[in-house]
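**Q** Here it is, the structure in full.
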Amino acid sequence: MYKSRQQYRHQHALYHVLGIILLIMILIFSGHLWYQHNHQRPSSHRYPIMGISLNQSDGSFDFQKLKQAGVDFVYVKSTSGASYADDNFEINYTSAQGSLMPVGVYHCFSFSSSPQAQAKYFISQTGDQIGNLPIAVYVDYYGKYNQHSLNLKIMRQHLATFVTIVQNYYHRPCIIWGNPGVVNHLIGNLPNKKWLVQKSAPTRKQAQFWEYQTNGYFNRNKINVPLPLTVFNGTKQQWHNLFRYN
């Protein structure tokens, strides 16, 4: 009887230890999957240049630490529509330039404001702080605006007008950024390069930039902050050719 109780206690202790070990293994495996999901990037041989995009909701970052983490370039938001300026544009732009990191700026296109008003506002708020990369124009459906409610012909004309005004003013090409369904819907006959947000890798003919992860994580003061992760869809030599705008 005594031995049976002792054996039961030993078995119970053994099961308890095995349970703890199993739990630790599950936590380690889950952590590995989380890390892979949030940090894994496409082949650095195929895509040697990786970057991020920032707006005021992301807060401020130490750009030197971002460089140490493998970030090669950054796009910072300047404006949206014809009346919204990003509160962190100045500090993000200045900090990126201070770190000698290649920097670009972007505008969020609006369907409710005229292209002329948007271009005027973008130019007034951005000034000559356009960095050394193509100017990005982000397009996406929102609210009541979608592929069914918008007049495709008119919206294509509006996007083309905005791009033409900005390109003529800065003598710098624009790149159209967004989900491929939206970009291909609106870009029409514009010859501009694309920056596509999608899971599968686009060909170099389809896109110059590829946002492969919308919620990759970077550590800021021991807090993981989700950021969109993008790679340049080309070689290092092609990447350096973009700096001819300097």
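Chain labels run A, B, ... following the order of the structure tokens; each chain numbers its residues from 1, and ligands are numbered from 1 in the order shown.
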With DSSP run on the backbone, what are the helix (DSSP H, G or I) residues within region 74-210 of chain A? I'd like them as a VMD selection string.

**A** chain A and resid 89 to 98 115 to 126 152 to 170 180 to 186

**Q** Output N, CA and C atoms for every residue in that selection, as a compact mmCIF listing (two decimals), in the first residue's frame.

**A**
```txt
# COMPACT_ATOMS: atom_id res chain seq x y z
N PHE A 89 6.13 64.60 -39.82
CA PHE A 89 6.90 64.67 -41.06
C PHE A 89 8.27 65.31 -40.86
N GLU A 90 8.30 66.47 -40.23
CA GLU A 90 9.56 67.21 -40.07
C GLU A 90 10.59 66.39 -39.29
N ILE A 91 10.17 65.84 -38.14
CA ILE A 91 11.13 65.11 -37.30
C ILE A 91 11.57 63.81 -37.97
N ASN A 92 10.65 63.12 -38.63
CA ASN A 92 11.02 61.88 -39.31
C ASN A 92 11.97 62.16 -40.47
N TYR A 93 11.65 63.19 -41.23
CA TYR A 93 12.49 63.52 -42.39
C TYR A 93 13.89 63.96 -41.95
N THR A 94 13.95 64.85 -40.98
CA THR A 94 15.22 65.37 -40.49
C THR A 94 16.07 64.26 -39.87
N SER A 95 15.43 63.38 -39.09
CA SER A 95 16.15 62.29 -38.43
C SER A 95 16.70 61.30 -39.46
N ALA A 96 15.91 61.01 -40.48
CA ALA A 96 16.35 60.09 -41.52
C ALA A 96 17.54 60.67 -42.27
N GLN A 97 17.45 61.94 -42.61
CA GLN A 97 18.57 62.58 -43.31
C GLN A 97 19.82 62.65 -42.43
N GLY A 98 19.61 62.89 -41.13
CA GLY A 98 20.73 62.97 -40.21
C GLY A 98 21.47 61.65 -40.08
N PRO A 115 -7.40 67.28 -57.68
CA PRO A 115 -5.96 66.99 -57.80
C PRO A 115 -5.11 68.26 -57.72
N GLN A 116 -5.64 69.36 -58.23
CA GLN A 116 -4.90 70.62 -58.18
C GLN A 116 -4.71 71.08 -56.73
N ALA A 117 -5.79 70.99 -55.93
CA ALA A 117 -5.71 71.40 -54.53
C ALA A 117 -4.76 70.49 -53.76
N GLN A 118 -4.79 69.19 -54.06
CA GLN A 118 -3.90 68.26 -53.37
C GLN A 118 -2.44 68.52 -53.73
N ALA A 119 -2.17 68.76 -54.99
CA ALA A 119 -0.80 69.03 -55.42
C ALA A 119 -0.28 70.33 -54.79
N LYS A 120 -1.12 71.34 -54.78
CA LYS A 120 -0.73 72.62 -54.18
C LYS A 120 -0.41 72.44 -52.70
N TYR A 121 -1.24 71.68 -52.01
CA TYR A 121 -1.04 71.47 -50.57
C TYR A 121 0.22 70.64 -50.32
N PHE A 122 0.41 69.60 -51.10
CA PHE A 122 1.61 68.77 -50.95
C PHE A 122 2.87 69.61 -51.13
N ILE A 123 2.90 70.43 -52.14
CA ILE A 123 4.07 71.27 -52.42
C ILE A 123 4.28 72.29 -51.29
N SER A 124 3.19 72.89 -50.80
CA SER A 124 3.31 73.90 -49.74
C SER A 124 3.81 73.30 -48.43
N GLN A 125 3.41 72.07 -48.12
CA GLN A 125 3.79 71.45 -46.86
C GLN A 125 5.15 70.74 -46.93
N THR A 126 5.47 70.22 -48.09
CA THR A 126 6.70 69.45 -48.24
C THR A 126 7.89 70.34 -48.56
N LEU A 152 -14.42 55.74 -62.85
CA LEU A 152 -13.05 55.32 -63.16
C LEU A 152 -12.34 56.30 -64.08
N LYS A 153 -13.01 56.76 -65.10
CA LYS A 153 -12.39 57.67 -66.06
C LYS A 153 -11.96 58.97 -65.39
N ILE A 154 -12.84 59.52 -64.55
CA ILE A 154 -12.54 60.78 -63.88
C ILE A 154 -11.43 60.60 -62.85
N MET A 155 -11.46 59.51 -62.07
CA MET A 155 -10.44 59.30 -61.05
C MET A 155 -9.07 59.07 -61.67
N ARG A 156 -9.04 58.38 -62.79
CA ARG A 156 -7.76 58.21 -63.49
C ARG A 156 -7.22 59.55 -63.95
N GLN A 157 -8.10 60.41 -64.43
CA GLN A 157 -7.69 61.75 -64.86
C GLN A 157 -7.18 62.56 -63.68
N HIS A 158 -7.86 62.44 -62.53
CA HIS A 158 -7.45 63.17 -61.34
C HIS A 158 -6.08 62.72 -60.85
N LEU A 159 -5.86 61.41 -60.81
CA LEU A 159 -4.56 60.90 -60.38
C LEU A 159 -3.47 61.33 -61.34
N ALA A 160 -3.75 61.27 -62.63
CA ALA A 160 -2.77 61.68 -63.64
C ALA A 160 -2.45 63.17 -63.52
N THR A 161 -3.46 63.97 -63.21
CA THR A 161 -3.25 65.42 -63.06
C THR A 161 -2.36 65.71 -61.86
N PHE A 162 -2.65 65.06 -60.73
CA PHE A 162 -1.83 65.27 -59.53
C PHE A 162 -0.38 64.87 -59.81
N VAL A 163 -0.18 63.71 -60.39
CA VAL A 163 1.16 63.21 -60.67
C VAL A 163 1.90 64.16 -61.61
N THR A 164 1.22 64.64 -62.63
CA THR A 164 1.85 65.54 -63.60
C THR A 164 2.29 66.85 -62.95
N ILE A 165 1.42 67.43 -62.13
CA ILE A 165 1.78 68.70 -61.45
C ILE A 165 2.99 68.51 -60.55
N VAL A 166 2.97 67.46 -59.74
CA VAL A 166 4.07 67.22 -58.79
C VAL A 166 5.37 66.90 -59.53
N GLN A 167 5.29 66.08 -60.55
CA GLN A 167 6.51 65.72 -61.30
C GLN A 167 7.09 66.94 -62.02
N ASN A 168 6.25 67.76 -62.58
CA ASN A 168 6.74 68.95 -63.28
C ASN A 168 7.35 69.95 -62.31
N TYR A 169 6.79 70.04 -61.11
CA TYR A 169 7.31 70.99 -60.12
C TYR A 169 8.66 70.55 -59.58
N TYR A 170 8.78 69.27 -59.24
CA TYR A 170 10.00 68.79 -58.61
C TYR A 170 10.99 68.15 -59.58
N PRO A 180 -2.51 45.94 -55.40
CA PRO A 180 -2.51 45.85 -56.86
C PRO A 180 -3.87 46.05 -57.50
N GLY A 181 -4.95 45.60 -56.81
CA GLY A 181 -6.28 45.80 -57.36
C GLY A 181 -6.62 47.27 -57.49
N VAL A 182 -6.26 48.07 -56.49
CA VAL A 182 -6.54 49.50 -56.50
C VAL A 182 -5.60 50.23 -57.47
N VAL A 183 -4.32 49.91 -57.39
CA VAL A 183 -3.34 50.57 -58.26
C VAL A 183 -3.66 50.33 -59.73
N ASN A 184 -3.88 49.08 -60.09
CA ASN A 184 -4.15 48.76 -61.49
C ASN A 184 -5.49 49.33 -61.96
N HIS A 185 -6.39 49.54 -61.01
CA HIS A 185 -7.69 50.12 -61.33
C HIS A 185 -7.57 51.60 -61.66
N LEU A 186 -6.65 52.29 -60.97
CA LEU A 186 -6.57 53.74 -61.08
C LEU A 186 -5.44 54.26 -61.96
```

**Q** Please return, as a VMD selection string, all residues of region 12-160 of chain A that DSSP assigns to strand (DSSP E or B) on the basis of the backbone.

**A** chain A and resid 50 to 54 73 to 80 84 to 85 103 to 108 135 to 138 142 145

**Q** Please list as a list in words every residue within 6 Å of region 229-233 of chain A, counting only C-alpha atoms and excluding residues in the same chain fewer than 6 positions away.

**A** Ile49, Met50, Gly51, Ile52, Arg204, Gln208, Phe209, Trp210, Glu211, Tyr212 and Gln213 of chain A

**Q** Give me, as a tab-separated table, the closest atom pair and its distance (Å, one decimal) for every residue of region 130-243 of chain A within a cut-off of 12 Å of region 64-72 of chain A, counting only C-alpha atoms, rows sorted by chain and rising number.

**A**
```
residue	atom	partner	partner_atom	distance
A:Tyr217	CA	A:Ala69	CA	11.0
A:Phe218	CA	A:Leu66	CA	8.1
A:Asn219	CA	A:Leu66	CA	9.1
A:Arg220	CA	A:Lys65	CA	9.2
A:Asn221	CA	A:Lys65	CA	10.9
A:Leu227	CA	A:Val71	CA	11.6
A:Pro228	CA	A:Val71	CA	11.7
A:Leu229	CA	A:Val71	CA	9.2
A:Thr230	CA	A:Val71	CA	9.6
A:Val231	CA	A:Asp72	CA	9.2
A:Phe232	CA	A:Asp72	CA	9.7
A:Lys236	CA	A:Asp72	CA	11.2
A:Trp239	CA	A:Asp72	CA	10.6
A:His240	CA	A:Asp72	CA	11.6
```

**Q** One decimal, Å: what's the distance from CA of Ser44 (chain A) over to CA of Cys174 (chain A), could you say?

**A** 25.7 Å

**Q** Give me the residues within 7 Å of Ser110 (chain A) as number ranges by chain, counting only C-alpha atoms and dropping any in the same chain fewer than 3 places off.

**A** A: 80-81, 113

**Q** May I ask for the distance between CA of His45 (chain A) and CA of Gln237 (chain A), given in Å to one decimal place?

**A**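 Atom-to-atom, CA of His45 (chain A) to CA of Gln237 (chain A), that is 13.2 Å.
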
**Q** Give me, as number ranges by chain, all polymer residues having an atom no more than 8 Å from Tyr75 (chain A), counting only C-alpha atoms and skipping those fewer than 5 positions away in the same chain.

**A** A: 51-54, 103-106

**Q** Show me a table, sorted first by chain and then by increasing residue number, of the residues of region 29-139 of chain A having an atom at most 12 Å from region 192-199 of chain A, each with its shortest atom pair and the distance in Å to one decimal, counting only C-alpha atoms and written as JSON lines.

**A**
```
{"residue": "A:Arg41", "atom": "CA", "partner": "A:Lys199", "partner_atom": "CA", "distance": 11.4}
{"residue": "A:Pro42", "atom": "CA", "partner": "A:Lys199", "partner_atom": "CA", "distance": 10.7}
{"residue": "A:Ser53", "atom": "CA", "partner": "A:Trp195", "partner_atom": "CA", "distance": 12.0}
{"residue": "A:Tyr75", "atom": "CA", "partner": "A:Trp195", "partner_atom": "CA", "distance": 12.0}
{"residue": "A:Tyr106", "atom": "CA", "partner": "A:Trp195", "partner_atom": "CA", "distance": 11.7}
{"residue": "A:Pro134", "atom": "CA", "partner": "A:Lys193", "partner_atom": "CA", "distance": 9.4}
{"residue": "A:Ile135", "atom": "CA", "partner": "A:Lys193", "partner_atom": "CA", "distance": 10.7}
{"residue": "A:Ala136", "atom": "CA", "partner": "A:Trp195", "partner_atom": "CA", "distance": 8.3}
{"residue": "A:Val137", "atom": "CA", "partner": "A:Trp195", "partner_atom": "CA", "distance": 9.3}
{"residue": "A:Tyr138", "atom": "CA", "partner": "A:Trp195", "partner_atom": "CA", "distance": 8.8}
{"residue": "A:Val139", "atom": "CA", "partner": "A:Trp195", "partner_atom": "CA", "distance": 10.4}
```

**Q** Report, in Å to a single decimal, how far apart CA of Arg46 (chain A) and CA of Thr235 (chain A) are.

**A**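 Between CA of Thr235 (chain A) and CA of Arg46 (chain A) the gap is 7.7 Å.
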
**Q** Go through A:Asn241, A:Asn55, A:Tyr47, A:Ala207 and flag the residue nearest Pro226 (chain A), using only C-alpha atoms for the distances.

**A**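 Of A:Asn241, A:Asn55, A:Tyr47, A:Ala207, the one nearest Pro226 (chain A) is A:Asn55, counting only C-alpha atoms.
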